[in-house]
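Undergrad: Please see the structure below; I have some questions.
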Amino acid sequence: MKAVVSDRGLTFAEDYPMPVPEPGEALVRVLLAGICRTDLEIVRGYKGFAGVLGHEFVGVVEPARGAASRVPARRPLDGRRVVGEINLACGRCDYCLRGMRNHCPRRRVLGILGKDGALAEYLTLPVENLHEVPDEVSDEEAVFTEPLAAAYRVPEQLSLQKTAGPGTKAAVLGDGKLGILAALALKERGLNPLLVGKHEEKLGIARAQGVRVSLLDAVRAERFFDVVVEATGSPRGLEVALFLIRPQGTVVLKSTVARPEALDLSPVVVDEVTVLGSRCGPFGPALTALARRLVNVRPLITDILPFGRIREAFQKAEGRDALTVLVDFR
Ligand SMILES: [Zn+2]
Ligand SMILES: [Zn+2]
């Protein structure tokens, strides 16, 4: 099958072996898959991953057949359009038993850690990871479920911490895909965040959906915000976040970067700042937001290209103005 393979560099395979579902897994035919910043970081060495890249997708569950199907009855998701949670947990360890499956130490992660990913014609995932896509959500929108879920993780964590309410002064740093989605998710959850970035055009996408925006150079709000979400994808983002956060405020870190830089953490101590790491999030609210048109992800699509133009797709994804390049396997 066609697949984008990362193994000390990037290769575009035409004859990669088809994945074989393990017990409890489904075979999914990929319709669309997104090229994410994380994928580009992996190519640069993040996580040292070797295998098929990609973790943002929408696909169709292939009916079980042949040797893999000992299950006689048709399974409920057969033939259905699905998106999938990317963490494969063991289900037995202390973390899993405490409901922290995303932190299972034995986990594998689709296209990131020990599990071939979604930038291919087929993938496999445990059936329990799959979510059916409502009819009113198009393929082009559904492919954003995973990053939108990661964005919804921010309000989820803040409400767990009881740090945010309607009067909370919140800022989101970074006008890339995740920054825009985080601002939209916070707004949908009743906060009124300021999205701070460097690109007028990208900020405009959020502004068109009612989000307050500002260019970074125009922000003079030293020690002003109660909550700062750092989604710049840059090692320097945390430094800016620590400039903007008020004493005893909360900085939420969303960026994963391959090459972290040395950083002076004394402001965290002196200002008693809470630093909250934030990764994968809940698929339910993301799919609901897409189905009810609470969040519009379509303007985040930079381009949709078939696998035949995969090199061009990666070149575009690397571009400074790129938000999301989708690879079309339909
Ligand atoms: Zn991603
Ligand atoms: Zn586990």
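As shown in the structure tokens, the chain order sets the letters A, B, ...; within each chain, residues go from 1, and ligands are also counted from 1 in the order they appear.
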For the alpha helix (DSSP H) assignment from backbone DSSP, which residues of region 79-313 of chain A qualify? Please present them as a PyMOL selection string.

TA: chain A and resi 94-97+139-142+145-161+177-188+200-207+237-244+266-270+283-291+310-313

Undergrad: Would you write out, as a Markdown table, a table of all residues in chain A that have an atom no more than 12 Å from an atom of ligand 1, listing for each the closest atom pair and the distance in Å to one decimal, considering only C-alpha atoms and all ligand atoms and ordering rows by chain and rising residue number?

TA:
| residue | atom | partner | partner_atom_place_in_ligand_line | distance |
| --- | --- | --- | --- | --- |
| A:Ala33 | CA | ligand 1 | 1 (Zn) | 10.3 |
| A:Gly34 | CA | ligand 1 | 1 (Zn) | 7.8 |
| A:Ile35 | CA | ligand 1 | 1 (Zn) | 7.5 |
| A:Cys36 | CA | ligand 1 | 1 (Zn) | 4.5 |
| A:Arg37 | CA | ligand 1 | 1 (Zn) | 6.4 |
| A:Thr38 | CA | ligand 1 | 1 (Zn) | 5.5 |
| A:Asp39 | CA | ligand 1 | 1 (Zn) | 7.2 |
| A:Leu40 | CA | ligand 1 | 1 (Zn) | 9.8 |
| A:Glu41 | CA | ligand 1 | 1 (Zn) | 10.4 |
| A:Ile42 | CA | ligand 1 | 1 (Zn) | 10.9 |
| A:Leu53 | CA | ligand 1 | 1 (Zn) | 10.5 |
| A:Gly54 | CA | ligand 1 | 1 (Zn) | 7.7 |
| A:His55 | CA | ligand 1 | 1 (Zn) | 6.2 |
| A:Glu56 | CA | ligand 1 | 1 (Zn) | 6.0 |
| A:Phe57 | CA | ligand 1 | 1 (Zn) | 9.8 |
| A:Glu85 | CA | ligand 1 | 1 (Zn) | 11.4 |
| A:Ile86 | CA | ligand 1 | 1 (Zn) | 9.9 |
| A:Val109 | CA | ligand 1 | 1 (Zn) | 11.5 |
| A:Leu110 | CA | ligand 1 | 1 (Zn) | 10.4 |
| A:Gly111 | CA | ligand 1 | 1 (Zn) | 9.7 |
| A:Ile112 | CA | ligand 1 | 1 (Zn) | 9.7 |
| A:Gly117 | CA | ligand 1 | 1 (Zn) | 11.4 |
| A:Ala118 | CA | ligand 1 | 1 (Zn) | 10.9 |
| A:Leu119 | CA | ligand 1 | 1 (Zn) | 11.8 |
| A:Val143 | CA | ligand 1 | 1 (Zn) | 10.4 |
| A:Phe144 | CA | ligand 1 | 1 (Zn) | 9.0 |
| A:Thr145 | CA | ligand 1 | 1 (Zn) | 10.0 |
| A:Glu146 | CA | ligand 1 | 1 (Zn) | 7.1 |
| A:Pro147 | CA | ligand 1 | 1 (Zn) | 5.7 |
| A:Leu148 | CA | ligand 1 | 1 (Zn) | 9.5 |
| A:Ala149 | CA | ligand 1 | 1 (Zn) | 10.3 |
| A:Ala150 | CA | ligand 1 | 1 (Zn) | 8.6 |
| A:Ala151 | CA | ligand 1 | 1 (Zn) | 10.7 |
| A:Gly176 | CA | ligand 1 | 1 (Zn) | 11.5 |
| A:Lys177 | CA | ligand 1 | 1 (Zn) | 9.2 |
| A:Leu178 | CA | ligand 1 | 1 (Zn) | 8.4 |
| A:Leu181 | CA | ligand 1 | 1 (Zn) | 11.8 |
| A:Gly233 | CA | ligand 1 | 1 (Zn) | 11.5 |
| A:Lys254 | CA | ligand 1 | 1 (Zn) | 11.0 |
| A:Ser255 | CA | ligand 1 | 1 (Zn) | 10.6 |
| A:Thr256 | CA | ligand 1 | 1 (Zn) | 10.1 |
| A:Arg279 | CA | ligand 1 | 1 (Zn) | 10.0 |
| A:Cys280 | CA | ligand 1 | 1 (Zn) | 9.4 |
| A:Gly281 | CA | ligand 1 | 1 (Zn) | 11.6 |
| A:Leu323 | CA | ligand 1 | 1 (Zn) | 11.4 |
| A:Thr324 | CA | ligand 1 | 1 (Zn) | 9.8 |
| A:Val325 | CA | ligand 1 | 1 (Zn) | 11.6 |
| A:Leu326 | CA | ligand 1 | 1 (Zn) | 11.9 |

Undergrad: At a cut-off of 8 Å and counting only C-alpha atoms and all ligand atoms, what residues surround ligand 2? Please answer as a PyMOL selection string.

TA: chain A and resi 89-97+101+103-107

Undergrad: Could you please take those selected residues and save N, CA, C and O atoms as a tab-separated table (two decimals), in the first residue's frame?

TA:
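And here's result04.tsv as it stands now:
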chain	number	residue	atom	x	y	z
A	89	ALA	N	-3.51	1.87	24.89
A	89	ALA	CA	-3.11	1.57	26.25
A	89	ALA	C	-3.15	0.08	26.51
A	89	ALA	O	-3.82	-0.66	25.80
A	90	CYS	N	-2.44	-0.35	27.58
A	90	CYS	CA	-2.42	-1.78	27.89
A	90	CYS	C	-3.72	-2.23	28.57
A	90	CYS	O	-4.11	-3.38	28.48
A	91	GLY	N	-4.38	-1.28	29.27
A	91	GLY	CA	-5.64	-1.59	29.91
A	91	GLY	C	-5.52	-2.31	31.25
A	91	GLY	O	-6.53	-2.58	31.90
A	92	ARG	N	-4.28	-2.62	31.69
A	92	ARG	CA	-4.10	-3.42	32.90
A	92	ARG	C	-3.26	-2.76	33.97
A	92	ARG	O	-3.31	-3.14	35.13
A	93	CYS	N	-2.46	-1.74	33.59
A	93	CYS	CA	-1.52	-1.18	34.56
A	93	CYS	C	-2.24	-0.22	35.52
A	93	CYS	O	-3.41	0.09	35.34
A	94	ASP	N	-1.52	0.27	36.52
A	94	ASP	CA	-2.10	1.19	37.50
A	94	ASP	C	-2.71	2.43	36.85
A	94	ASP	O	-3.79	2.87	37.24
A	95	TYR	N	-2.00	2.97	35.88
A	95	TYR	CA	-2.49	4.19	35.22
A	95	TYR	C	-3.79	3.89	34.47
A	95	TYR	O	-4.77	4.62	34.57
A	96	CYS	N	-3.79	2.80	33.72
A	96	CYS	CA	-4.99	2.43	32.96
A	96	CYS	C	-6.16	2.21	33.91
A	96	CYS	O	-7.27	2.67	33.65
A	97	LEU	N	-5.90	1.51	35.03
A	97	LEU	CA	-6.98	1.19	35.96
A	97	LEU	C	-7.50	2.44	36.66
A	97	LEU	O	-8.63	2.48	37.13
A	101	ARG	N	-5.51	6.33	30.78
A	101	ARG	CA	-5.03	5.48	29.69
A	101	ARG	C	-4.05	6.21	28.78
A	101	ARG	O	-3.15	5.59	28.22
A	103	HIS	N	-1.77	7.94	29.61
A	103	HIS	CA	-0.45	7.97	30.25
A	103	HIS	C	0.08	6.58	30.56
A	103	HIS	O	1.05	6.43	31.30
A	104	CYS	N	-0.55	5.57	30.00
A	104	CYS	CA	-0.08	4.20	30.19
A	104	CYS	C	1.40	4.12	29.78
A	104	CYS	O	1.76	4.49	28.68
A	105	PRO	N	2.27	3.65	30.69
A	105	PRO	CA	3.70	3.61	30.34
A	105	PRO	C	4.01	2.62	29.22
A	105	PRO	O	5.06	2.72	28.59
A	106	ARG	N	3.09	1.68	28.99
A	106	ARG	CA	3.32	0.72	27.90
A	106	ARG	C	2.57	1.10	26.62
A	106	ARG	O	2.44	0.30	25.71
A	107	ARG	N	2.06	2.36	26.61
A	107	ARG	CA	1.23	2.75	25.46
A	107	ARG	C	2.05	2.82	24.18
A	107	ARG	O	3.25	3.05	24.19

Undergrad: Please report as JSON lines every residue of region 231-311 of chain A lying within 7 Å of region 200-222 of chain A, along with the nearest atom pair and their distance in Å (one decimal), using only C-alpha atoms.

TA:
{"residue": "A:Phe243", "atom": "CA", "partner": "A:Glu222", "partner_atom": "CA", "distance": 5.6}
{"residue": "A:Leu244", "atom": "CA", "partner": "A:Glu222", "partner_atom": "CA", "distance": 4.7}
{"residue": "A:Pro299", "atom": "CA", "partner": "A:Ile205", "partner_atom": "CA", "distance": 6.5}

Undergrad: Quick one, how far is CA of Ala241 (chain A) from CA of Ala170 (chain A)?

TA: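 Computing the Euclidean distance for CA of Ala241 (chain A) and CA of Ala170 (chain A) yields 11.1 Å.
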
Undergrad: I'd like the neighbourhood of Val229 (chain A) as a list in words, where a residue qualifies if any of its atoms comes within 6 Å (using only C-alpha atoms), though same-chain residues fewer than 4 positions away should be ignored.

TA: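 Close residues of Val229 (chain A): Val172, Val251 and Val252 of chain A.
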
Undergrad: Which is closer to Pro126 (chain A) than all the others in A:Asn296, A:Thr302, A:Asn87, A:Thr274, using only C-alpha atoms?

TA: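 Among A:Asn296, A:Thr302, A:Asn87, A:Thr274, it is A:Asn87 that comes nearest to Pro126 (chain A).
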
Undergrad: Choose the residue, out of A:Val82, A:Val240, A:Leu10, A:Leu160, that has the smallest atom-to-atom separation from Val137 (chain A); count only C-alpha atoms.

TA: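 Of the candidates, the smallest distance to Val137 (chain A) is held by A:Val82.
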
Undergrad: Within 12 Å of Arg189 (chain A), counting only C-alpha atoms, which residues show up once you throw out same-chain ones fewer than 6 positions away? Write them as number ranges by chain, please.

TA: A: 151-156, 158-159, 164-166, 168, 182-183, 285-286, 289, 294-295
